[in-house]
Amino acid sequence: MKETMMRALVKSAPGPEGLTLEQVSVPKPAGDQLLVRVRACAICGTDVHIRRDEYLHYPPVTLGHEFFGDVVEVGAQAAGFAVGDQVTAMTATSTCGQCPACKSGYLMRCEQRRSVGSGFNGAMADYIVIPASICYRIPDNHRDQNYMAVCEPMSCAAHLVFDQCEIRGGDVVVVMGPGALGQAAAQMAKAAGAFVIVSGVPKDQERLDLAMENGADACCADPAVLKKLVLKYNPYGADVVLECSGAVPALKSAIEICRRGGQIGQLGLFGRPIEFPMDQLVMKEIRLNVSMGSSHQSWQRLMTLFAQNAVHADKLVSAVFPLERWEEAFAMAESGSGYRIVLVP
């Protein structure tokens, strides 16, 4: 490779003004690392929080953990990949490798974990080095598509549905919140064989329409009538509720509509201590399954589903900006409009 310098969006100082587009050296892959030319990187809420100093990070650090790109150089100990492969990756860049979580594939549970884009330089740059051990090859039927930058949040939904919850064919599953994570969770639940209802509020109607387009069986934009809709398909209540909004009223509604002995999968983050009716949860013997990040198992399942065209991510990209227009892109992401905003180097 002839290039020695590249652009990178680096958080190097406190405050929003501490995030700047800089010229830095192109990294060299060592050991089992791959050097990847970034094709697209999505802006996650974590990136917004890092910019505001609201999320743990280790400056100076290049932001970005939702990405895909082309392998341009392979480290001496990297196995399973070749120049020209298109890859995406888990976020757990560094772990101890020895704890039960690491040995079982649940790297996000490692107490010594540091992640790409916060603890190691991320993908809002022309190039990134990433361990081959956490990379996954993009299926051929989805090569060169900017929407593959959102594999990482989709892997989180796969972790919720396939690792943390038990969903069987015919189960009535309600997804609370039709944002990017909710859209992904609905598709995963559908792939698991469930009858899927996606719930939101009146302003979410366009998002609910997208959920239907992507395979949901029913939707509801009025929380007041959600329980009636659920009982139409299961007179005892929802078998599983996937709470993806991080809204307290949604969690309370989830407890209300879930059948006795059912499950709630909590993916949305509230960002603060909350109050909810724990006694009702206990008396109904509802199992509360929480989910954080992804696992090797969820990534493998996700890549299989993409290869089968069983899940779709194209409508989860709302806008694409060149890297040099990152400030506009962040402003759009911070406004909450759309799903994922993508930067293209």
# chains A, B, ... in the order shown; residues from 1 in each chain; ligands from 1
>>> residues_around(residues="Val10 (chain A)", least_positions_apart="4", cutoff="7 Å", atoms="only C-alpha atoms", output="list in words")
Leu19, Thr20, Leu21, Glu22, Pro60, Val61, Thr62 and Leu63 of chain A
>>> select_by_dssp(residues="region 38-215 of chain A", states="alpha helix (DSSP H)", output="JSON, numbers by chain")
{"A": [45, 46, 47, 48, 49, 50, 51, 100, 101, 102, 103, 151, 152, 153, 154, 155, 156, 157, 158, 180, 181, 182, 183, 184, 185, 186, 187, 188, 189, 190, 191, 205, 206, 207, 208, 209, 210, 211, 212, 213]}
>>> closest_atom_pairs(of="region 250-310 of chain A", to="region 116-135 of chain A", cutoff="12 Å", atoms="only C-alpha atoms", output="JSON lines")
{"residue": "A:Ser294", "atom": "CA", "partner": "A:Ile134", "partner_atom": "CA", "distance": 11.3}
{"residue": "A:Ser295", "atom": "CA", "partner": "A:Ile134", "partner_atom": "CA", "distance": 9.8}
{"residue": "A:His296", "atom": "CA", "partner": "A:Ile134", "partner_atom": "CA", "distance": 7.9}
{"residue": "A:Gln297", "atom": "CA", "partner": "A:Ile134", "partner_atom": "CA", "distance": 11.5}
{"residue": "A:Trp299", "atom": "CA", "partner": "A:Cys135", "partner_atom": "CA", "distance": 9.4}
{"residue": "A:Gln300", "atom": "CA", "partner": "A:Cys135", "partner_atom": "CA", "distance": 10.5}
{"residue": "A:Met303", "atom": "CA", "partner": "A:Cys135", "partner_atom": "CA", "distance": 11.2}
>>> atom_distance(atom1="CA of Asp204 (chain A)", atom2="CA of Gly179 (chain A)")
8.8 Å
>>> residues_around(residues="region 257-267 of chain A", least_positions_apart="4", cutoff="7 Å", atoms="only C-alpha atoms", output="JSON, numbers by chain")
{"A": [160, 165, 227, 236, 237, 238, 239, 240, 241, 242, 243, 244, 253, 284, 285, 286, 287, 288, 289, 290, 291, 292]}
>>> atom_distance(atom1="CA of Ile167 (chain A)", atom2="CA of Ala254 (chain A)")
16.1 Å
>>> select_by_dssp(residues="region 139-257 of chain A", states="strand (DSSP E or B)", output="list in words")
Val172, Val173, Val174, Val175, Met176, Phe195, Val196, Ile197, Val198, Ser199, Ala218, Cys219, Cys220, Ala238, Asp239, Val240, Val241, Leu242 and Glu243 of chain A
>>> write_last_selection(atoms="N, CA and C atoms", output="PDB file, in the first residue's frame")
ATOM      1  N   VAL A 172     -46.517 -15.492  20.057  1.00  0.00           N
ATOM      2  CA  VAL A 172     -46.870 -14.098  19.805  1.00  0.00           C
ATOM      3  C   VAL A 172     -45.813 -13.228  20.470  1.00  0.00           C
ATOM      4  N   VAL A 173     -45.085 -12.500  19.639  1.00  0.00           N
ATOM      5  CA  VAL A 173     -43.996 -11.648  20.124  1.00  0.00           C
ATOM      6  C   VAL A 173     -44.340 -10.199  19.829  1.00  0.00           C
ATOM      7  N   VAL A 174     -44.292  -9.349  20.852  1.00  0.00           N
ATOM      8  CA  VAL A 174     -44.532  -7.918  20.682  1.00  0.00           C
ATOM      9  C   VAL A 174     -43.203  -7.194  20.794  1.00  0.00           C
ATOM     10  N   VAL A 175     -42.909  -6.356  19.823  1.00  0.00           N
ATOM     11  CA  VAL A 175     -41.704  -5.534  19.831  1.00  0.00           C
ATOM     12  C   VAL A 175     -42.116  -4.114  20.174  1.00  0.00           C
ATOM     13  N   MET A 176     -41.585  -3.595  21.279  1.00  0.00           N
ATOM     14  CA  MET A 176     -41.907  -2.241  21.714  1.00  0.00           C
ATOM     15  C   MET A 176     -40.848  -1.288  21.188  1.00  0.00           C
ATOM     16  N   PHE A 195     -45.143 -14.972  15.526  1.00  0.00           N
ATOM     17  CA  PHE A 195     -46.127 -14.019  15.022  1.00  0.00           C
ATOM     18  C   PHE A 195     -45.766 -12.688  15.667  1.00  0.00           C
ATOM     19  N   VAL A 196     -45.398 -11.705  14.857  1.00  0.00           N
ATOM     20  CA  VAL A 196     -44.764 -10.495  15.376  1.00  0.00           C
ATOM     21  C   VAL A 196     -45.689  -9.289  15.279  1.00  0.00           C
ATOM     22  N   ILE A 197     -45.875  -8.615  16.420  1.00  0.00           N
ATOM     23  CA  ILE A 197     -46.604  -7.353  16.498  1.00  0.00           C
ATOM     24  C   ILE A 197     -45.609  -6.274  16.892  1.00  0.00           C
ATOM     25  N   VAL A 198     -45.533  -5.189  16.132  1.00  0.00           N
ATOM     26  CA  VAL A 198     -44.633  -4.083  16.451  1.00  0.00           C
ATOM     27  C   VAL A 198     -45.470  -2.921  16.967  1.00  0.00           C
ATOM     28  N   SER A 199     -45.060  -2.387  18.112  1.00  0.00           N
ATOM     29  CA  SER A 199     -45.843  -1.353  18.791  1.00  0.00           C
ATOM     30  C   SER A 199     -45.075  -0.038  18.841  1.00  0.00           C
ATOM     31  N   ALA A 218     -48.423  -7.651  12.347  1.00  0.00           N
ATOM     32  CA  ALA A 218     -49.380  -6.620  12.758  1.00  0.00           C
ATOM     33  C   ALA A 218     -48.605  -5.496  13.425  1.00  0.00           C
ATOM     34  N   CYS A 219     -49.233  -4.336  13.505  1.00  0.00           N
ATOM     35  CA  CYS A 219     -48.608  -3.208  14.201  1.00  0.00           C
ATOM     36  C   CYS A 219     -49.674  -2.427  14.931  1.00  0.00           C
ATOM     37  N   CYS A 220     -49.220  -1.591  15.872  1.00  0.00           N
ATOM     38  CA  CYS A 220     -50.152  -0.806  16.681  1.00  0.00           C
ATOM     39  C   CYS A 220     -49.515   0.524  17.020  1.00  0.00           C
ATOM     40  N   ALA A 238     -49.107 -11.850  25.406  1.00  0.00           N
ATOM     41  CA  ALA A 238     -47.922 -12.088  24.569  1.00  0.00           C
ATOM     42  C   ALA A 238     -47.019 -13.128  25.218  1.00  0.00           C
ATOM     43  N   ASP A 239     -46.501 -14.029  24.395  1.00  0.00           N
ATOM     44  CA  ASP A 239     -45.543 -15.012  24.909  1.00  0.00           C
ATOM     45  C   ASP A 239     -44.214 -14.342  25.254  1.00  0.00           C
ATOM     46  N   VAL A 240     -43.815 -13.394  24.395  1.00  0.00           N
ATOM     47  CA  VAL A 240     -42.554 -12.678  24.582  1.00  0.00           C
ATOM     48  C   VAL A 240     -42.764 -11.221  24.203  1.00  0.00           C
ATOM     49  N   VAL A 241     -42.234 -10.310  25.002  1.00  0.00           N
ATOM     50  CA  VAL A 241     -42.222  -8.888  24.668  1.00  0.00           C
ATOM     51  C   VAL A 241     -40.764  -8.447  24.595  1.00  0.00           C
ATOM     52  N   LEU A 242     -40.383  -7.849  23.481  1.00  0.00           N
ATOM     53  CA  LEU A 242     -39.024  -7.342  23.291  1.00  0.00           C
ATOM     54  C   LEU A 242     -39.063  -5.826  23.423  1.00  0.00           C
ATOM     55  N   GLU A 243     -38.534  -5.310  24.541  1.00  0.00           N
ATOM     56  CA  GLU A 243     -38.595  -3.871  24.813  1.00  0.00           C
ATOM     57  C   GLU A 243     -37.344  -3.213  24.253  1.00  0.00           C
TER      58      GLU A 243
END
>>> atom_distance(atom1="CA of Leu343 (chain A)", atom2="CA of Gly45 (chain A)")
14.2 Å
>>> closest_residue(among="A:Ala42, A:Ala194, A:Val71, A:Ala158", to="Pro29 (chain A)", atoms="only C-alpha atoms")
A:Val71
>>> residues_around(residues="Tyr339 (chain A)", least_positions_apart="3", cutoff="8 Å", atoms="only C-alpha atoms", output="list in words")
Gly179, Ala180, Leu316, Val317, Ser318 and Gly336 of chain A
>>> write_last_selection(atoms="all heavy atoms", output="JSON list (two decimals), in the first residue's frame")
[["chain", "number", "residue", "atom", "x", "y", "z"],
["A", 179, "GLY", "N", -37.76, 1.75, 16.34],
["A", 179, "GLY", "CA", -36.50, 2.34, 15.89],
["A", 179, "GLY", "C", -35.63, 1.28, 15.23],
["A", 179, "GLY", "O", -36.08, 0.17, 14.93],
["A", 180, "ALA", "N", -34.36, 1.61, 15.02],
["A", 180, "ALA", "CA", -33.46, 0.69, 14.31],
["A", 180, "ALA", "C", -33.37, -0.65, 15.03],
["A", 180, "ALA", "O", -33.45, -1.71, 14.40],
["A", 180, "ALA", "CB", -32.09, 1.32, 14.16],
["A", 316, "LEU", "N", -32.79, 0.72, 6.82],
["A", 316, "LEU", "CA", -32.34, 1.22, 8.12],
["A", 316, "LEU", "C", -31.28, 2.30, 7.99],
["A", 316, "LEU", "O", -30.81, 2.84, 8.98],
["A", 316, "LEU", "CB", -31.82, 0.07, 8.98],
["A", 316, "LEU", "CG", -32.85, -1.01, 9.33],
["A", 316, "LEU", "CD1", -32.24, -2.04, 10.26],
["A", 316, "LEU", "CD2", -34.09, -0.38, 9.96],
["A", 317, "VAL", "N", -30.89, 2.62, 6.77],
["A", 317, "VAL", "CA", -29.98, 3.74, 6.51],
["A", 317, "VAL", "C", -30.83, 4.90, 5.98],
["A", 317, "VAL", "O", -31.43, 4.81, 4.92],
["A", 317, "VAL", "CB", -28.89, 3.36, 5.49],
["A", 317, "VAL", "CG1", -28.07, 4.59, 5.12],
["A", 317, "VAL", "CG2", -27.98, 2.28, 6.07],
["A", 318, "SER", "N", -30.86, 5.97, 6.76],
["A", 318, "SER", "CA", -31.71, 7.11, 6.40],
["A", 318, "SER", "C", -30.99, 8.15, 5.56],
["A", 318, "SER", "O", -31.63, 8.89, 4.81],
["A", 318, "SER", "CB", -32.24, 7.77, 7.68],
["A", 318, "SER", "OG", -33.02, 6.87, 8.41],
["A", 336, "GLY", "N", -32.44, 12.77, 16.09],
["A", 336, "GLY", "CA", -33.32, 11.62, 16.26],
["A", 336, "GLY", "C", -34.17, 11.30, 15.05],
["A", 336, "GLY", "O", -35.00, 10.39, 15.09]]
>>> closest_residue(among="A:Val320, A:Val225, A:Val26, A:Ala13", to="Pro59 (chain A)", atoms="only C-alpha atoms")
A:Ala13
>>> residues_around(residues="Leu210 (chain A)", least_positions_apart="5", cutoff="9 Å", atoms="only C-alpha atoms", output="PyMOL selection string")
chain A and resi 178+183+205+215-216+315
